[in-house]
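I have placed the structure first, in the form of structure tokens, so that the comments after it can refer back to it.
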Amino acid sequence: MEEGKGEVKHVLLAKFKPEISAEEIENLIKGYSNLVNLIEPMKGFHWDLMSEDSSSRGTDVSIENLHQGFTHVFVSTFESTEGIAEYVAHPVHVEFANKFLPALDKVLVVDYKPTSA
């Protein structure tokens, strides 16, 4: 496989600041999910909650309890590492990130190429 080619996953784990309202979080998530319609290299997007509350959508089912306080997971799919670089530099992404990141208490981003066993 050529370097940079092949599907790449962009995973962002987030914990929103306590003062960010549920409505604000919902609006930020809608904005994030809309990036797939605005930035061509972004081929897919999904998200879920990592909540310990069993009544919540996307309940953390890990028995290891290693979520380290992160509450949301966002996964974007790209066709290549070049696609991620284009996404990161895209003006629409930069504008969104300038709204999204200040609302976070914690963030962790990992990019990886899935492999099959």
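So you can find residues: chains in the structure tokens are A, B, ... in the order shown, residues in each start at 1, and ligands are numbered from 1 in order.
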Open item on the list: DSSP on the backbone: which residues in chain A end up as strand (DSSP E)? Give the answer as a ChimeraX atom specification.
Closed with: /A:5-16,42-49,72-80,104-112
- [ ] Give the answer as one residue: which of A:Glu79, A:Glu64, A:Asp105, A:Glu95 has the shortest atom-to-atom distance to Glu19 in chain A, using only C-alpha atoms?
- [x]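 Result for the nearest residue to Glu19 in chain A: A:Asp105.
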Task: Point-to-point distance from CA of Ser76 in chain A to CA of Glu7 in chain A, Å rounded to tenths - done: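 Between these atoms lies a distance of 10.4 Å.
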Task: Among the residues A:Ile63, A:Ile25, A:Met42, A:Val107, the one that comes closest to Ser80 in chain A [using only C-alpha atoms] - done: A:Met42
TODO: For CA of Ile84 in chain A and CA of Leu35 in chain A, determine how far apart the two atoms are, in Å to one decimal place.
DONE: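 Separation of CA of Ile84 in chain A and CA of Leu35 in chain A: 12.6 Å.
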- [ ] Check the smallest atom-to-atom distance from each of A:Ser21, A:Asn27, A:Gln68, A:Thr81 to Phe96 in chain A using only C-alpha atoms, then report the winner.
- [x]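 Closest candidate: A:Asn27.
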- [ ] as a ChimeraX atom specification, please: all residues of range 2-103 of chain A that backbone DSSP puts in alpha helix (DSSP H).
- [x] /A:22-38,81-89,91-100
Task: For CA of Phe100 in chain A and CA of Tyr32 in chain A, the interatomic separation in Å (one decimal) - done: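 Going from CA of Phe100 in chain A over to CA of Tyr32 in chain A covers 8.4 Å.
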Task: Distance query Tyr87 in chain A at most 9 Å, only C-alpha atoms, self and fewer than 4 positions along chain excluded, as a PyMOL selection string - done: chain A and resi 39-42+82-83+91-94
Open item on the list: So that I can see what lies close to His10 in chain A, please list as a ChimeraX atom specification the residues with an atom at most 10 Å from it, counting only C-alpha atoms and leaving out residues fewer than 2 positions away in the same chain.
Closed with: /A:8,12,42,45,74-78,81,84,109-113
Resulting file, chosen residues, all heavy atoms, as a compact mmCIF listing (two decimals), in the first residue's frame:
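Full text of selection03.txt as output:
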```
# COMPACT_ATOMS: atom_id res chain seq x y z
N VAL A 8 -8.52 5.99 6.43
CA VAL A 8 -7.96 6.45 7.70
C VAL A 8 -9.12 6.90 8.59
O VAL A 8 -10.05 7.57 8.14
CB VAL A 8 -6.97 7.62 7.50
CG1 VAL A 8 -6.39 8.08 8.83
CG2 VAL A 8 -5.87 7.23 6.54
N LEU A 12 -11.86 11.38 17.79
CA LEU A 12 -11.74 12.46 18.76
C LEU A 12 -12.56 12.08 19.99
O LEU A 12 -13.77 11.83 19.88
CB LEU A 12 -12.25 13.77 18.18
CG LEU A 12 -12.07 15.02 19.03
CD1 LEU A 12 -11.83 16.24 18.15
CD2 LEU A 12 -13.23 15.26 19.97
N MET A 42 -13.69 14.37 3.77
CA MET A 42 -14.36 13.70 4.88
C MET A 42 -15.46 12.81 4.31
O MET A 42 -16.44 13.29 3.77
CB MET A 42 -14.92 14.73 5.85
CG MET A 42 -15.40 14.20 7.15
SD MET A 42 -15.91 15.62 8.18
CE MET A 42 -16.30 14.79 9.70
N PHE A 45 -18.93 10.13 9.06
CA PHE A 45 -18.88 10.67 10.40
C PHE A 45 -19.92 9.97 11.26
O PHE A 45 -21.04 9.75 10.82
CB PHE A 45 -19.16 12.17 10.39
CG PHE A 45 -19.25 12.79 11.77
CD1 PHE A 45 -18.11 13.16 12.44
CD2 PHE A 45 -20.49 12.97 12.38
CE1 PHE A 45 -18.18 13.72 13.72
CE2 PHE A 45 -20.57 13.52 13.65
CZ PHE A 45 -19.41 13.90 14.32
N PHE A 74 -16.16 10.84 18.68
CA PHE A 74 -16.48 11.25 17.32
C PHE A 74 -15.51 10.54 16.38
O PHE A 74 -14.30 10.59 16.60
CB PHE A 74 -16.32 12.76 17.16
CG PHE A 74 -17.17 13.55 18.13
CD1 PHE A 74 -16.65 13.96 19.34
CD2 PHE A 74 -18.48 13.86 17.83
CE1 PHE A 74 -17.42 14.68 20.25
CE2 PHE A 74 -19.27 14.58 18.72
CZ PHE A 74 -18.74 14.99 19.93
N VAL A 75 -16.04 9.88 15.35
CA VAL A 75 -15.19 9.15 14.41
C VAL A 75 -15.50 9.63 12.99
O VAL A 75 -16.64 9.58 12.53
CB VAL A 75 -15.42 7.62 14.50
CG1 VAL A 75 -14.51 6.89 13.52
CG2 VAL A 75 -15.20 7.12 15.92
N SER A 76 -14.44 10.10 12.32
CA SER A 76 -14.56 10.54 10.93
C SER A 76 -13.73 9.59 10.06
O SER A 76 -12.69 9.09 10.49
CB SER A 76 -14.02 11.96 10.76
OG SER A 76 -14.68 12.84 11.63
N THR A 77 -14.18 9.39 8.83
CA THR A 77 -13.48 8.51 7.90
C THR A 77 -12.98 9.32 6.72
O THR A 77 -13.70 10.17 6.18
CB THR A 77 -14.43 7.41 7.38
OG1 THR A 77 -14.95 6.69 8.52
CG2 THR A 77 -13.72 6.44 6.45
N PHE A 78 -11.73 9.04 6.34
CA PHE A 78 -11.08 9.70 5.21
C PHE A 78 -10.47 8.64 4.32
O PHE A 78 -10.17 7.53 4.77
CB PHE A 78 -9.98 10.66 5.71
CG PHE A 78 -10.52 11.78 6.54
CD1 PHE A 78 -10.74 11.61 7.90
CD2 PHE A 78 -10.85 12.99 5.97
CE1 PHE A 78 -11.26 12.63 8.67
CE2 PHE A 78 -11.38 14.02 6.74
CZ PHE A 78 -11.58 13.84 8.10
N THR A 81 -4.33 9.77 4.41
CA THR A 81 -3.76 10.74 5.36
C THR A 81 -3.73 12.13 4.74
O THR A 81 -3.87 13.13 5.44
CB THR A 81 -2.36 10.32 5.82
OG1 THR A 81 -1.52 10.13 4.69
CG2 THR A 81 -2.40 9.05 6.65
N ILE A 84 -6.94 13.82 5.55
CA ILE A 84 -6.99 14.39 6.89
C ILE A 84 -6.25 15.72 6.92
O ILE A 84 -6.73 16.70 7.51
CB ILE A 84 -6.42 13.42 7.94
CG1 ILE A 84 -7.36 12.23 8.11
CG2 ILE A 84 -6.21 14.13 9.28
CD1 ILE A 84 -6.90 11.20 9.10
N VAL A 109 -7.09 13.14 20.33
CA VAL A 109 -7.31 12.82 18.92
C VAL A 109 -6.31 11.75 18.49
O VAL A 109 -5.12 11.85 18.79
CB VAL A 109 -7.15 14.07 18.03
CG1 VAL A 109 -7.28 13.70 16.55
CG2 VAL A 109 -8.17 15.13 18.40
N VAL A 110 -6.81 10.73 17.78
CA VAL A 110 -5.98 9.66 17.25
C VAL A 110 -6.40 9.42 15.80
O VAL A 110 -7.59 9.31 15.51
CB VAL A 110 -6.17 8.35 18.05
CG1 VAL A 110 -5.36 7.22 17.45
CG2 VAL A 110 -5.81 8.55 19.52
N ASP A 111 -5.43 9.36 14.91
CA ASP A 111 -5.67 8.98 13.51
C ASP A 111 -5.01 7.63 13.30
O ASP A 111 -3.87 7.42 13.74
CB ASP A 111 -5.05 10.01 12.56
CG ASP A 111 -5.68 11.39 12.70
OD1 ASP A 111 -6.87 11.47 13.05
OD2 ASP A 111 -4.97 12.38 12.46
N TYR A 112 -5.71 6.72 12.62
CA TYR A 112 -5.14 5.40 12.38
C TYR A 112 -5.71 4.79 11.11
O TYR A 112 -6.79 5.16 10.65
CB TYR A 112 -5.37 4.46 13.56
CG TYR A 112 -6.80 4.01 13.72
CD1 TYR A 112 -7.24 2.80 13.19
CD2 TYR A 112 -7.75 4.80 14.39
CE1 TYR A 112 -8.56 2.38 13.31
CE2 TYR A 112 -9.05 4.39 14.52
CZ TYR A 112 -9.46 3.18 13.99
OH TYR A 112 -10.76 2.79 14.11
N LYS A 113 -4.95 3.86 10.55
CA LYS A 113 -5.38 3.09 9.39
C LYS A 113 -5.84 1.72 9.88
O LYS A 113 -5.05 0.98 10.44
CB LYS A 113 -4.24 2.91 8.40
CG LYS A 113 -3.86 4.15 7.67
CD LYS A 113 -2.78 3.83 6.66
CE LYS A 113 -2.45 5.03 5.82
NZ LYS A 113 -1.57 4.68 4.72
```
